[in-house]
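> One file: my_file_1.cif (mmCIF, C-alpha atoms).
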```
data_model
#
loop_
_atom_site.label_atom_id
_atom_site.label_comp_id
_atom_site.auth_asym_id
_atom_site.auth_seq_id
_atom_site.Cartn_x
_atom_site.Cartn_y
_atom_site.Cartn_z
CA MET A 1 -57.22 -26.26 -31.79
CA ILE A 2 -54.26 -28.63 -31.81
CA LYS A 3 -54.00 -30.81 -34.90
CA ALA A 4 -52.02 -34.05 -34.51
CA GLU A 5 -51.35 -35.57 -37.92
CA PHE A 6 -49.71 -38.97 -38.27
CA PHE A 7 -48.34 -40.14 -41.60
CA THR A 8 -48.04 -43.83 -42.42
CA THR A 9 -46.21 -45.94 -44.98
CA GLU A 10 -48.13 -48.18 -47.39
CA SER A 11 -47.75 -51.02 -44.89
CA GLY A 12 -49.30 -48.90 -42.11
CA SER A 13 -46.20 -48.05 -40.07
CA ILE A 14 -45.91 -44.55 -38.61
CA LYS A 15 -43.40 -42.66 -40.76
CA SER A 16 -43.75 -39.19 -39.25
CA PHE A 17 -46.06 -36.92 -37.33
CA ARG A 18 -46.77 -33.25 -36.85
CA ILE A 19 -48.42 -31.63 -33.85
CA LYS A 20 -49.45 -28.04 -34.52
CA GLY A 21 -51.48 -25.33 -32.87
CA HIS A 22 -52.80 -24.35 -29.48
CA SER A 23 -55.74 -25.98 -27.79
CA GLY A 24 -57.43 -22.83 -26.54
CA TYR A 25 -58.87 -24.79 -23.62
CA SER A 26 -57.53 -22.42 -20.97
CA ASP A 27 -54.93 -19.74 -20.29
CA PHE A 28 -51.21 -20.42 -20.63
CA GLY A 29 -50.00 -22.36 -17.62
CA SER A 30 -53.37 -23.91 -16.81
CA ASP A 31 -54.30 -25.55 -20.13
CA ILE A 32 -54.68 -29.26 -19.34
CA VAL A 33 -55.14 -30.24 -23.00
CA CYS A 34 -51.90 -28.55 -24.00
CA ALA A 35 -50.11 -30.10 -21.02
CA SER A 36 -51.39 -33.57 -21.88
CA VAL A 37 -50.36 -33.32 -25.53
CA SER A 38 -46.98 -31.76 -24.77
CA SER A 39 -46.00 -34.27 -22.10
CA SER A 40 -47.17 -37.22 -24.22
CA VAL A 41 -45.14 -36.11 -27.23
CA MET A 42 -42.05 -35.42 -25.10
CA LEU A 43 -42.34 -38.84 -23.45
CA ALA A 44 -42.67 -40.65 -26.79
CA VAL A 45 -39.81 -38.78 -28.48
CA ASN A 46 -37.45 -39.07 -25.49
CA THR A 47 -38.25 -42.77 -25.05
CA ALA A 48 -37.65 -43.43 -28.75
CA VAL A 49 -34.26 -41.71 -28.72
CA GLU A 50 -32.92 -42.59 -25.26
CA PHE A 51 -34.20 -46.14 -24.76
CA PHE A 52 -34.85 -47.55 -28.23
CA GLU A 53 -32.12 -45.60 -30.08
CA VAL A 54 -34.55 -44.64 -32.84
CA LYS A 55 -33.10 -42.19 -35.36
CA LEU A 56 -35.42 -39.19 -35.62
CA SER A 57 -35.48 -35.88 -37.42
CA LEU A 58 -37.04 -33.16 -35.29
CA ASP A 59 -38.12 -29.64 -36.08
CA VAL A 60 -39.51 -27.79 -33.06
CA GLU A 61 -40.98 -24.30 -33.06
CA GLU A 62 -43.55 -22.56 -30.88
CA GLY A 63 -46.78 -24.51 -31.27
CA ASP A 64 -45.37 -26.82 -33.94
CA ILE A 65 -43.35 -30.03 -33.81
CA LYS A 66 -42.47 -32.20 -36.78
CA CYS A 67 -40.96 -35.63 -36.18
CA GLY A 68 -39.74 -38.01 -38.85
CA ILE A 69 -38.70 -41.57 -38.13
CA ARG A 70 -35.54 -42.19 -40.17
CA GLU A 71 -35.37 -45.93 -39.54
CA ILE A 72 -38.74 -47.52 -38.79
CA SER A 73 -38.59 -50.48 -36.42
CA SER A 74 -41.19 -52.51 -34.58
CA GLU A 75 -40.30 -50.58 -31.42
CA SER A 76 -40.67 -47.16 -33.03
CA ASP A 77 -43.92 -48.19 -34.69
CA ARG A 78 -45.49 -49.48 -31.47
CA LEU A 79 -44.30 -46.44 -29.55
CA PHE A 80 -45.66 -43.85 -31.99
CA LYS A 81 -48.89 -45.80 -32.54
CA SER A 82 -49.36 -45.73 -28.76
CA LEU A 83 -48.82 -41.93 -28.87
CA MET A 84 -51.47 -41.67 -31.58
CA SER A 85 -53.85 -43.88 -29.59
CA HIS A 86 -53.36 -41.79 -26.46
CA LEU A 87 -53.99 -38.55 -28.34
CA CYS A 88 -57.14 -40.06 -29.87
CA GLU A 89 -58.41 -40.76 -26.35
CA VAL A 90 -57.64 -37.19 -25.27
CA SER A 91 -59.44 -35.87 -28.37
CA LYS A 92 -62.57 -37.84 -27.43
CA GLU A 93 -62.71 -35.93 -24.15
CA PHE A 94 -61.77 -32.58 -25.71
CA PRO A 95 -63.04 -32.67 -29.34
CA LYS A 96 -63.09 -28.87 -29.63
CA ASN A 97 -59.42 -28.65 -28.65
CA LEU A 98 -57.62 -31.59 -30.26
CA LYS A 99 -58.04 -33.31 -33.61
CA VAL A 100 -56.08 -36.42 -34.60
CA VAL A 101 -55.67 -37.25 -38.29
CA LEU A 102 -54.13 -40.34 -39.91
CA SER A 103 -52.78 -39.83 -43.43
CA SER A 104 -51.09 -42.22 -45.87
CA VAL A 105 -47.92 -41.10 -47.61
#
```
What would you get if you wrote out this structure as structure tokens?

Amino acid sequence: MIKAEFFTTESGSIKSFRIKGHSGYSDFGSDIVCASVSSSVMLAVNTAVEFFEVKLSLDVEEGDIKCGIREISSESDRLFKSLMSHLCEVSKEFPKNLKVVLSSV
């Protein structure tokens, strides 16, 4: 199962997130849950950096990505909340393969 954990500030802004694990939905190369999560995360991170110039800290390993937002802005917050919302929708369709958690820091 993939666990997507989003961490918020006291005011509710997304401060960081971690996506870890493998969905186990299907074999490598044909796993639509993994593909959906991976492409969504890549789109959000690349958009944040390339178009909104959001300063991020990234740590990427096989099956594990940690992303910290160094300077929270309204753009970064809306972008990463939309990522969380999208992953919540995917998890509704594939509850055995993806779990989304919201945690306060």
> Can you spell out as a list in words the set of residues that the PyMOL selection byres ((chain A and resi 17) around 7) selects in the structure I just provided?
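Matching residues under the PyMOL selection byres ((chain A and resi 17) around 7) are Glu5, Phe6, Phe7, Ser16, Arg18, Ile19, Lys66, Cys67 and Gly68 of chain A.
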> Hey, which of A:Val49, A:Ile14, A:Val37, A:Leu43 ends up closest to Ser91 of chain A? Count all atoms listed in the file.
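Comparing A:Val49, A:Ile14, A:Val37, A:Leu43 against Ser91 of chain A, the winner is A:Val37.
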> Restrict the calculation to only C-alpha atoms, then for each residue of segment 36-77 of chain A with any atom at most 10 Å from an atom of segment 21-25 of chain A give the closest atom pair and their distance in Å to one decimal, rows by chain and rising residue number, as a tab-separated table.

```
residue	atom	partner	partner_atom	distance
A:Val37	CA	A:Ser23	CA	9.4
A:Glu62	CA	A:Gly21	CA	8.6
A:Gly63	CA	A:Gly21	CA	5.0
A:Asp64	CA	A:Gly21	CA	6.4
A:Ile65	CA	A:Gly21	CA	9.4
```
> Just to be explicit: take each residue in the selection above, keep C-alpha atoms, and write the result as a PDB file, in the coordinates of the input.

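Ended up saving to again06.pdb:
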```
ATOM      1  CA  VAL A  37     -50.360 -33.320 -25.530  1.00  0.00           C
ATOM      2  CA  GLU A  62     -43.550 -22.560 -30.880  1.00  0.00           C
ATOM      3  CA  GLY A  63     -46.780 -24.510 -31.270  1.00  0.00           C
ATOM      4  CA  ASP A  64     -45.370 -26.820 -33.940  1.00  0.00           C
ATOM      5  CA  ILE A  65     -43.350 -30.030 -33.810  1.00  0.00           C
TER       6      ILE A  65
END
```
> Using only C-alpha atoms, pick whichever of A:Asn46, A:Ser38, A:Ser30, A:Ser13 has the shortest atom-to-atom distance to Leu98 of chain A.
A:Ser38
> Expanded to explicit residues, what is the PyMOL selection byres ((chain A and resi 74-90) around 8) for this file, as a list in words?
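Applying the expression gives Ala4, Phe6, Ser13, Ile14, Val33, Ser36, Val37, Ser40, Val41, Ala44, Ala48, Phe52, Val54, Ile69, Ile72, Ser73, Ser91, Lys92, Glu93, Phe94, Leu98, Lys99 and Val100 of chain A.
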> Using all atoms listed in the file, find the one residue out of A:Val105, A:Glu53, A:Ala35, A:Pro95 that sits nearest to Glu71 of chain A.
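Of all the options, A:Glu53 lies closest to Glu71 of chain A.
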> Atom CA of Arg70 of chain A and atom CA of Glu10 of chain A, how far apart in Å?
15.7 Å
> Which distance in Å separates atom CA of Ile32 of chain A and atom CA of Thr8 of chain A, to one decimal?
28.1 Å
> Mind giving me the straight-line distance from atom CA of Val45 of chain A to atom CA of Lys20 of chain A in Å, one decimal?
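Atom-to-atom, atom CA of Val45 of chain A to atom CA of Lys20 of chain A, that is 15.6 Å.
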> With distances taken over all atoms listed in the file, which residue among A:Cys34, A:Leu58, A:Gly29, A:Glu50 lies nearest Lys3 of chain A?
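Using all atoms listed in the file, the shortest distance to Lys3 of chain A belongs to A:Cys34.
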